[in-house]
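Colleague: This is upload12.csv, which holds CSV, C-alpha atoms:
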chain,number,residue,atom,x,y,z
Y,1,MET,CA,24.6,-5.0,6.1
Y,2,SER,CA,23.2,-5.3,9.7
Y,3,THR,CA,23.4,-8.5,11.7
Y,4,TYR,CA,19.7,-9.0,11.5
Y,5,THR,CA,19.6,-8.5,7.8
Y,6,SER,CA,22.3,-11.1,7.2
Y,7,THR,CA,20.7,-13.5,9.6
Y,8,PHE,CA,17.3,-13.3,7.9
Y,9,ARG,CA,18.9,-13.7,4.5
Y,10,LYS,CA,20.7,-16.8,5.8
Y,11,ILE,CA,17.4,-18.3,7.1
Y,12,ALA,CA,15.7,-17.6,3.8
Y,13,GLU,CA,18.5,-19.3,1.9
Y,14,GLN,CA,18.3,-22.4,4.1
Y,15,VAL,CA,14.5,-22.6,4.0
Y,16,ASN,CA,14.4,-22.3,0.2
Y,17,ALA,CA,17.5,-24.4,-0.5
Y,18,LYS,CA,17.2,-27.2,-3.1
Y,19,ALA,CA,17.5,-30.8,-2.1
Y,20,GLU,CA,21.0,-32.1,-1.8
Y,21,ASN,CA,20.3,-34.8,-4.4
Y,22,PRO,CA,18.6,-33.1,-7.4
Y,23,LEU,CA,17.4,-36.5,-8.6
Y,24,ASP,CA,15.3,-36.9,-5.5
Y,25,VAL,CA,12.2,-35.3,-6.8
Y,26,PRO,CA,8.9,-35.8,-4.8
Y,27,TYR,CA,6.0,-37.3,-6.6
Y,28,GLN,CA,3.9,-34.3,-5.7
Y,29,GLY,CA,4.4,-30.8,-4.4
Y,30,LEU,CA,5.1,-30.1,-0.8
Y,31,SER,CA,2.0,-29.2,1.3
Y,32,ALA,CA,2.2,-26.0,3.4
Y,33,GLU,CA,2.2,-28.2,6.6
Y,34,HIS,CA,5.1,-30.3,5.4
Y,35,TYR,CA,7.0,-27.1,4.3
Y,36,ARG,CA,6.6,-25.6,7.8
Y,37,ASP,CA,7.5,-28.9,9.7
Y,38,GLN,CA,10.4,-30.0,7.6
Y,39,LYS,CA,11.9,-26.7,6.4
Y,40,LEU,CA,10.7,-23.5,8.1
Y,41,TRP,CA,10.5,-24.4,11.8
Y,42,PRO,CA,13.8,-26.4,12.0
Y,43,VAL,CA,15.7,-23.5,10.6
Y,44,VAL,CA,14.0,-20.9,12.9
Y,45,GLN,CA,14.6,-23.2,15.9
Y,46,ARG,CA,18.3,-23.4,15.0
Y,47,GLU,CA,18.7,-19.6,14.4
Y,48,PHE,CA,16.2,-18.1,16.8
Y,49,SER,CA,15.5,-20.6,19.6
Y,50,GLY,CA,14.2,-17.8,21.8
Y,51,GLY,CA,11.2,-17.2,19.7
Y,52,LEU,CA,10.0,-15.7,16.4
Y,53,VAL,CA,8.2,-12.4,15.8
Y,54,VAL,CA,6.2,-12.2,12.5
Y,55,ILE,CA,5.4,-8.6,11.5
Y,56,ILE,CA,2.8,-8.2,8.7
Y,57,ASP,CA,2.5,-4.6,7.4
Y,58,GLU,CA,-0.8,-3.5,5.9
Y,59,ILE,CA,-2.3,-6.7,7.2
Y,60,ASP,CA,-5.8,-5.6,6.1
Y,61,LYS,CA,-4.6,-5.9,2.4
Y,62,HIS,CA,-3.7,-9.5,2.8
Y,63,GLY,CA,-6.2,-11.7,0.9
Y,64,GLU,CA,-5.9,-14.8,3.2
Y,65,VAL,CA,-5.2,-13.0,6.5
Y,66,ASN,CA,-7.5,-15.3,8.6
Y,67,GLU,CA,-5.7,-18.4,7.4
Y,68,VAL,CA,-2.2,-16.9,8.0
Y,69,LEU,CA,-3.2,-15.7,11.5
Y,70,TYR,CA,-4.8,-19.0,12.4
Y,71,THR,CA,-1.8,-21.0,11.3
Y,72,LEU,CA,0.6,-18.8,13.2
Y,73,SER,CA,-1.5,-18.7,16.4
Y,74,ARG,CA,-1.7,-22.5,16.4
Y,75,SER,CA,2.0,-23.2,15.6
Y,76,GLN,CA,2.8,-24.4,19.1
Y,77,SER,CA,-0.2,-26.7,19.5
Y,78,LYS,CA,-0.6,-27.9,15.9
Y,79,ASP,CA,2.9,-27.9,14.6
Y,80,ASP,CA,4.5,-28.9,17.9
Y,81,VAL,CA,6.8,-25.8,17.9
Y,82,ASP,CA,8.5,-25.4,21.2
Y,83,PHE,CA,9.4,-21.7,21.0
Y,84,PRO,CA,7.0,-18.8,21.1
Y,85,VAL,CA,5.6,-17.3,17.9
Y,86,LEU,CA,4.4,-13.7,18.2
Y,87,THR,CA,2.4,-12.0,15.4
Y,88,ILE,CA,2.2,-8.2,14.9
Y,89,GLY,CA,-0.2,-6.9,12.3
Y,90,ILE,CA,0.0,-3.2,11.2
Y,91,SER,CA,-3.0,-1.5,9.6
Y,92,ASN,CA,-4.4,2.0,9.0
Y,93,ASP,CA,-7.9,0.6,9.1
Y,94,ILE,CA,-9.2,0.9,12.7
Y,95,GLU,CA,-12.1,-1.3,11.8
Y,96,PHE,CA,-10.0,-4.1,10.5
Y,97,LYS,CA,-10.2,-6.2,13.7
Y,98,GLY,CA,-13.9,-6.8,12.9
Y,99,GLU,CA,-12.8,-8.8,9.9
Y,100,ILE,CA,-10.9,-11.4,12.0
Y,101,GLU,CA,-12.9,-14.6,12.2
Y,102,SER,CA,-14.0,-15.8,15.6
Y,103,ARG,CA,-12.0,-19.0,15.4
Y,104,VAL,CA,-8.9,-16.9,14.9
Y,105,GLN,CA,-9.8,-14.5,17.6
Y,106,SER,CA,-10.1,-17.4,20.1
Y,107,THR,CA,-6.7,-18.8,19.4
Y,108,LEU,CA,-4.8,-15.6,18.7
Y,109,GLN,CA,-6.3,-13.7,21.6
Y,110,PRO,CA,-5.2,-10.4,20.0
Y,111,GLU,CA,-4.4,-7.2,21.9
Y,112,HIS,CA,-5.0,-3.9,20.0
Y,113,ARG,CA,-2.8,-0.9,20.2
Y,114,THR,CA,-3.7,2.4,18.5
Y,115,PHE,CA,-1.0,4.9,17.5
Y,116,THR,CA,-2.3,8.4,16.9
Y,117,PRO,CA,-1.0,10.4,13.9
Y,118,TYR,CA,1.9,12.8,14.4
Y,119,GLU,CA,0.9,16.2,15.6
Y,120,GLU,CA,2.2,19.4,14.2
Y,121,ASP,CA,4.8,20.0,17.0
Y,122,GLN,CA,6.1,16.4,16.5
Y,123,LEU,CA,6.4,16.9,12.8
Y,124,ILE,CA,8.4,20.1,13.4
Y,125,ALA,CA,10.8,18.2,15.6
Y,126,ILE,CA,11.2,15.5,12.9
Y,127,LEU,CA,11.9,18.2,10.2
Y,128,GLU,CA,14.3,20.1,12.4
Y,129,ASN,CA,16.4,16.9,12.5
Y,130,ARG,CA,16.6,17.1,8.7
Y,131,ARG,CA,17.5,20.8,8.5
Y,132,ASP,CA,21.1,19.7,7.7
Y,133,ALA,CA,20.0,18.6,4.3
Y,134,PHE,CA,20.0,22.3,3.3
Y,135,TYR,CA,22.9,24.8,3.3
Y,136,ASP,CA,23.0,27.1,6.4
Y,137,GLY,CA,20.8,30.2,6.0
Y,138,VAL,CA,18.7,29.0,3.0
Y,139,LEU,CA,15.6,28.1,5.0
Y,140,ASP,CA,13.1,30.8,5.8
Y,141,ASP,CA,11.8,30.7,9.3
Y,142,GLU,CA,8.3,29.7,8.1
Y,143,VAL,CA,9.3,26.7,6.0
Y,144,ILE,CA,9.4,24.0,8.7
Y,145,PRO,CA,6.2,25.2,10.5
Y,146,THR,CA,4.3,25.5,7.2
Y,147,THR,CA,5.5,22.0,6.1
Y,148,ALA,CA,4.5,20.5,9.4
Y,149,GLU,CA,1.1,22.2,9.3
Y,150,LEU,CA,0.3,20.9,5.8
Y,151,ALA,CA,1.4,17.4,6.7
Y,152,ALA,CA,-0.6,17.4,9.9
Y,153,GLU,CA,-3.7,18.2,7.9
Y,154,GLU,CA,-3.0,15.1,5.8
Y,155,HIS,CA,-3.2,12.4,8.5
Y,156,GLY,CA,0.0,13.4,10.3
Y,157,ASP,CA,2.2,11.5,7.8
Y,158,ALA,CA,5.9,12.0,8.6
Y,159,ARG,CA,6.9,10.5,5.3
Y,160,ARG,CA,4.8,13.1,3.5
Y,161,ALA,CA,6.2,15.9,5.6
Y,162,VAL,CA,9.8,14.9,4.7
Y,163,ARG,CA,8.9,14.6,1.0
Y,164,LEU,CA,7.2,18.0,1.1
Y,165,PHE,CA,10.3,19.5,2.8
Y,166,ARG,CA,12.6,18.0,0.1
Y,167,ASN,CA,10.4,19.0,-2.8
Y,168,ALA,CA,10.2,22.6,-1.6
Y,169,GLY,CA,14.0,22.8,-1.7
Y,170,GLU,CA,14.0,21.3,-5.2
Y,171,ILE,CA,11.5,23.8,-6.4
Y,172,ALA,CA,13.5,26.7,-5.0
Y,173,ASP,CA,16.6,25.4,-6.7
Y,174,GLU,CA,14.8,25.0,-10.1
Y,175,GLU,CA,13.4,28.5,-9.9
Y,176,GLY,CA,16.9,29.9,-9.1
Y,177,ASP,CA,15.9,31.3,-5.6
Y,178,ASP,CA,18.5,31.6,-2.9
Y,179,ILE,CA,16.0,31.2,-0.1
Y,180,VAL,CA,13.4,28.4,0.4
Y,181,THR,CA,10.2,30.0,1.5
Y,182,ALA,CA,6.7,29.0,2.5
Y,183,ASN,CA,5.5,29.7,-1.0
Y,184,HIS,CA,7.8,27.0,-2.3
Y,185,VAL,CA,6.2,24.6,0.3
Y,186,PHE,CA,2.7,25.5,-1.0
Y,187,GLU,CA,3.9,24.8,-4.6
Y,188,ALA,CA,5.4,21.5,-3.5
Y,189,ASP,CA,2.1,20.5,-1.8
Y,190,GLU,CA,0.3,20.7,-5.1
Y,191,LEU,CA,2.9,18.4,-6.7
Y,192,VAL,CA,3.5,15.9,-3.9
Y,193,GLU,CA,0.1,14.1,-4.2
Y,194,VAL,CA,0.8,13.6,-7.9
Y,195,GLU,CA,4.3,12.3,-7.2
Y,196,LEU,CA,3.0,9.9,-4.5
Y,197,PHE,CA,0.3,8.6,-6.8
Y,198,MET,CA,2.7,8.0,-9.7
Y,199,GLU,CA,4.9,5.9,-7.4
Y,200,MET,CA,1.9,3.8,-6.4
Y,201,VAL,CA,0.9,3.0,-9.9
Y,202,LYS,CA,4.4,2.5,-11.2
Y,203,GLY,CA,4.5,-0.8,-13.0
Y,204,THR,CA,0.7,-1.0,-13.3
Y,205,PRO,CA,-0.4,-2.3,-16.7
Y,206,LEU,CA,-2.0,0.1,-19.2
Y,207,SER,CA,-5.5,-1.4,-18.7
Y,208,GLY,CA,-5.1,-0.8,-14.9
Y,209,LYS,CA,-4.3,2.9,-15.5
Y,210,LEU,CA,-7.2,3.3,-18.0
Y,211,LEU,CA,-9.6,1.8,-15.4
Y,212,LEU,CA,-8.5,4.4,-12.9
Y,213,PHE,CA,-8.8,7.1,-15.5
Y,214,ALA,CA,-12.3,6.0,-16.2
Y,215,LEU,CA,-13.1,6.3,-12.5
Y,216,THR,CA,-11.7,9.8,-12.3
Y,217,ARG,CA,-14.0,10.7,-15.3
Y,218,LEU,CA,-17.0,9.2,-13.5
Y,219,ASP,CA,-16.0,11.1,-10.3
Y,220,ARG,CA,-15.7,14.4,-12.2
Y,221,ASN,CA,-19.0,14.0,-14.0
Y,222,ASN,CA,-20.9,12.9,-10.8
Y,223,PRO,CA,-19.7,15.2,-8.0
Y,224,GLU,CA,-22.6,14.1,-5.8
Y,225,LYS,CA,-21.4,10.4,-5.8
Y,226,GLU,CA,-18.4,8.9,-4.1
Y,227,TRP,CA,-18.8,5.2,-4.9
Y,228,PHE,CA,-19.1,3.6,-8.4
Y,229,ARG,CA,-20.0,0.1,-9.3
Y,230,THR,CA,-17.7,-2.2,-11.3
Y,231,SER,CA,-20.1,-2.2,-14.2
Y,232,GLU,CA,-20.2,1.6,-14.4
Y,233,ILE,CA,-16.4,1.8,-14.3
Y,234,HIS,CA,-16.0,-0.9,-16.9
Y,235,GLU,CA,-18.4,0.8,-19.3
Y,236,VAL,CA,-16.5,4.1,-19.2
Y,237,TYR,CA,-13.2,2.2,-19.4
Y,238,GLN,CA,-14.2,0.5,-22.6
Y,239,THR,CA,-14.8,4.0,-24.2
Y,240,VAL,CA,-11.4,5.3,-22.9
Y,241,ALA,CA,-9.6,2.2,-24.1
Y,242,ARG,CA,-11.0,2.5,-27.6
Y,243,ASP,CA,-10.2,6.3,-27.6
Y,244,VAL,CA,-6.5,5.4,-27.1
Y,245,GLU,CA,-6.8,2.6,-29.6
Y,246,VAL,CA,-6.4,-0.2,-27.1
Y,247,GLU,CA,-8.5,-3.4,-27.0
Y,248,PRO,CA,-10.4,-3.2,-23.7
Y,249,LYS,CA,-10.2,-6.1,-21.3
Y,250,GLY,CA,-13.3,-8.1,-20.3
Y,251,TYR,CA,-15.3,-7.6,-17.1
Y,252,ASN,CA,-13.6,-10.2,-15.0
Y,253,ARG,CA,-10.1,-9.0,-15.9
Y,254,ALA,CA,-11.2,-5.4,-15.1
Y,255,LEU,CA,-12.5,-6.6,-11.7
Y,256,GLU,CA,-9.2,-8.3,-11.0
Y,257,LEU,CA,-7.2,-5.1,-11.9
Y,258,LEU,CA,-9.5,-2.9,-9.7
Y,259,ASN,CA,-9.0,-5.2,-6.8
Y,260,LYS,CA,-5.2,-4.9,-7.2
Y,261,HIS,CA,-5.6,-1.2,-6.8
Y,262,VAL,CA,-7.5,-1.8,-3.6
Y,263,THR,CA,-4.5,-3.9,-2.4
Y,264,THR,CA,-2.1,-1.0,-3.1
Y,265,GLY,CA,-4.3,1.5,-1.4
Y,266,VAL,CA,-5.2,3.5,-4.5
Y,267,LEU,CA,-8.9,2.5,-4.3
Y,268,GLU,CA,-11.3,1.5,-1.5
Y,269,SER,CA,-13.9,-1.1,-2.2
Y,270,LYS,CA,-17.1,-2.4,-0.6
Y,271,LYS,CA,-19.6,-5.1,-1.4
Y,272,LYS,CA,-23.3,-5.0,-1.2
Y,273,GLU,CA,-25.5,-8.1,-1.0
Y,274,GLY,CA,-29.2,-8.6,-1.4
Y,275,GLY,CA,-31.9,-6.2,-2.5
Y,276,ASP,CA,-33.3,-5.7,-5.9
Y,277,GLN,CA,-29.9,-5.3,-7.5
Y,278,GLY,CA,-28.3,-8.5,-6.1
Y,279,LYS,CA,-24.6,-8.6,-5.3
Y,280,PHE,CA,-22.3,-6.0,-6.6
Y,281,ARG,CA,-19.0,-4.3,-5.6
Y,282,SER,CA,-18.3,-0.5,-5.6
Y,283,TYR,CA,-15.1,1.4,-5.7
Y,284,SER,CA,-13.9,4.8,-4.5
Y,285,LEU,CA,-10.7,6.8,-5.0
Y,286,GLN,CA,-8.6,7.2,-1.9
Y,287,GLY,CA,-6.7,10.3,-3.1
Y,288,ASP,CA,-7.6,13.6,-4.6
Y,289,VAL,CA,-9.4,13.2,-8.0
Y,290,GLU,CA,-7.4,15.9,-9.8
Y,291,SER,CA,-4.1,14.7,-8.4
Y,292,THR,CA,-5.0,11.1,-9.5
Y,293,ARG,CA,-6.0,12.3,-12.9
Y,294,THR,CA,-2.8,14.4,-13.4
Y,295,GLY,CA,-0.6,11.5,-12.2
Y,296,LEU,CA,-2.2,9.1,-14.6
Y,297,ILE,CA,-1.7,11.4,-17.5
Y,298,ASN,CA,1.9,12.2,-16.6
Y,299,SER,CA,2.7,8.5,-16.4
Y,300,THR,CA,0.7,7.3,-19.4
Y,301,PRO,CA,1.8,8.4,-22.9
Y,302,GLU,CA,-1.5,7.1,-24.4
Y,303,LEU,CA,-3.5,9.4,-22.1
Y,304,GLN,CA,-1.1,12.3,-22.9
Y,305,THR,CA,-2.0,11.8,-26.6
Y,306,LEU,CA,-5.7,11.6,-25.8
Y,307,MET,CA,-5.6,14.8,-23.8
Y,308,GLY,CA,-3.4,16.7,-26.2
Y,309,TRP,CA,-0.5,17.0,-23.8
Give the structure from the file, written as structure tokens.
Modeller:
Amino acid sequence: MSTYTSTFRKIAEQVNAKAENPLDVPYQGLSAEHYRDQKLWPVVQREFSGGLVVIIDEIDKHGEVNEVLYTLSRSQSKDDVDFPVLTIGISNDIEFKGEIESRVQSTLQPEHRTFTPYEEDQLIAILENRRDAFYDGVLDDEVIPTTAELAAEEHGDARRAVRLFRNAGEIADEEGDDIVTANHVFEADELVEVELFMEMVKGTPLSGKLLLFALTRLDRNNPEKEWFRTSEIHEVYQTVARDVEVEPKGYNRALELLNKHVTTGVLESKKKEGGDQGKFRSYSLQGDVESTRTGLINSTPELQTLMGW
């Protein structure tokens, strides 16, 4: 275990430690301000007196991001903290900064840094460093360039490139081939989207998966459309649920489940206000429709029965 990991664990244990006297129970719950003043800041001061860096990954998915940023940005003036507190937010949404409220902007005074996706030659260098995962001589010369090219086309994602590289080797092994070729990479490319999606929905309740399946059905039947309203999805979902002999959830619960998929990045949502139709929210799949559909069927026995798999 690294020094930093052990230190962070120690801080967490101290911050969340129970009272020394278990009979000393407060009459009401601790406020967030009291928690910070009496528990969090004293421990951080003792362990990291030089300052604190708070890193929030996928910050655009946080439901109360403005309150979190506002609290952190005012920690020195409001909470009387005498060490610097730096906040780093990471997001793939380049328009996210527009969602930060003006009151937060004024106290946070954010600086924005944009990191471009990996280019093909950079991905080749990354994959070359992982060549030792294979036996000498089993990689065809075109494997790494082909893998890098496909990954570069998909937002320059290094994690996807490494996964594709590994999957190509696994496919060659399963097919009994002595050499991993570009064809194995192309086969892996068809499977990696399904695999990534299945990981994203792992642990999702059945109703959540059926809602996504309903959206894939809408997408298939309406190729000219990209966005679908909650009411449209819920209507198709009710039919799918009854087809697999499951009692469908109500509209509000369906809305809650759809928003959870937005949080994990499976869906994108937008809200429209005003006009003849009033307020409504629409959703769109982030990934490939067929990969999403296949992933849902592979991970859901009820859908396998429905589709005859």
Colleague: Between Y:Glu193, Y:Asp93, Y:Asp288, Y:Asp243, which residue has the minimum interatomic distance to Lys61 of chain Y, considering only C-alpha atoms?
Modeller: Y:Asp93
Colleague: Show me, as a list in words, the residues that have an atom within 8 Å of Ile144 of chain Y when counting all atoms listed in the file, minus same-chain residues fewer than 2 positions from it.
Modeller: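 My reading of the contact set: Ile124, Leu127, Glu128, Asp141, Glu142, Thr146, Thr147, Ala148 and Phe165 of chain Y.
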Colleague: Got a sec: who's within 10 Å of Asp189 of chain Y, counting all atoms listed in the file, leaving out chain neighbours fewer than 4 positions off, as a list in words?
Modeller: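 Answer for this query is Thr147, Leu150, Ala151, Arg160, Ala161, Arg163, Leu164, Phe165, Asn167, Ala168, Asn183, His184, Val185, Glu193 and Val194 of chain Y.
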Colleague: What is the distance between atom CA of Arg36 of chain Y and atom CA of Asp82 of chain Y, in Å to one decimal?
Modeller: 13.5 Å
Colleague: Considering only C-alpha atoms, return as an MDAnalysis selection string whatever protein or nucleic-acid residues lie within 7 Å of segment 215-227 of chain Y, sequence-local ones (same chain, fewer than 2 positions apart) excluded.
Modeller: chainID Y and resid 211:213 229 233 282:284 289 293
Colleague: Would you list the contacts of segment 244-246 of chain Y as a list in words, taking every protein, DNA or RNA residue within 8 Å and counting all atoms listed in the file, but skipping same-chain residues closer than 5 positions in sequence?
Modeller: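 The neighbour list is Glu302, Leu303, Thr305 and Leu306 of chain Y.
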Colleague: Counting all atoms listed in the file, which residue out of Y:Ala152, Y:Met307, Y:Phe134, Y:Ser207 sits closest to Ile179 of chain Y?
Modeller: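 Counting all atoms listed in the file, the residue closest to Ile179 of chain Y is Y:Phe134.
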Colleague: If you measure from atom CA of Leu267 of chain Y to atom CA of Glu64 of chain Y, what distance in Å do you get, rounded to one decimal?
Modeller: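 These two atoms are separated by 19.1 Å.
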Colleague: Using Å and a single decimal, report how far atom CA of Leu86 of chain Y sits from atom CA of Leu52 of chain Y.
Modeller: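 Distance reported for this atom pair: 6.2 Å.
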Colleague: Neighbours of Val262 of chain Y within 12 Å (all atoms listed in the file; same-chain residues fewer than 2 positions away dropped), as a ChimeraX atom specification?
Modeller: /Y:58,60-63,200-201,208,212,255-260,264-270,281-286
Colleague: Under the rule that all atoms listed in the file are counted, which of Y:Lys97, Y:Arg74, Y:Arg159, Y:His261 is the nearest residue to Ile126 of chain Y?
Modeller: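 Among Y:Lys97, Y:Arg74, Y:Arg159, Y:His261, it is Y:Arg159 that comes nearest to Ile126 of chain Y.
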Colleague: Between Y:Glu170, Y:Glu120, Y:Gly176, Y:Asn298, single out the one closest to Gly156 of chain Y, counting all atoms listed in the file.
Modeller: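 Residue with the minimum atom-to-atom distance to Gly156 of chain Y: Y:Glu120.
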Colleague: Using all atoms listed in the file, find all polymer residues with an atom at most 12 Å away from the point (-4.3, -10.3, 22.2); report them as a short mmCIF file (atom, residue, chain, number, x, y, z; two decimals) with C-alpha atoms, in the frame of the given file.
Modeller:
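Everything below was put into part_30.cif:
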data_model
loop_
_atom_site.label_atom_id
_atom_site.label_comp_id
_atom_site.auth_asym_id
_atom_site.auth_seq_id
_atom_site.Cartn_x
_atom_site.Cartn_y
_atom_site.Cartn_z
CA SER Y 73 -1.50 -18.70 16.40
CA LEU Y 86 4.40 -13.70 18.20
CA THR Y 87 2.40 -12.00 15.40
CA ILE Y 88 2.20 -8.20 14.90
CA GLY Y 89 -0.20 -6.90 12.30
CA LYS Y 97 -10.20 -6.20 13.70
CA VAL Y 104 -8.90 -16.90 14.90
CA GLN Y 105 -9.80 -14.50 17.60
CA SER Y 106 -10.10 -17.40 20.10
CA THR Y 107 -6.70 -18.80 19.40
CA LEU Y 108 -4.80 -15.60 18.70
CA GLN Y 109 -6.30 -13.70 21.60
CA PRO Y 110 -5.20 -10.40 20.00
CA GLU Y 111 -4.40 -7.20 21.90
CA HIS Y 112 -5.00 -3.90 20.00
CA ARG Y 113 -2.80 -0.90 20.20
#
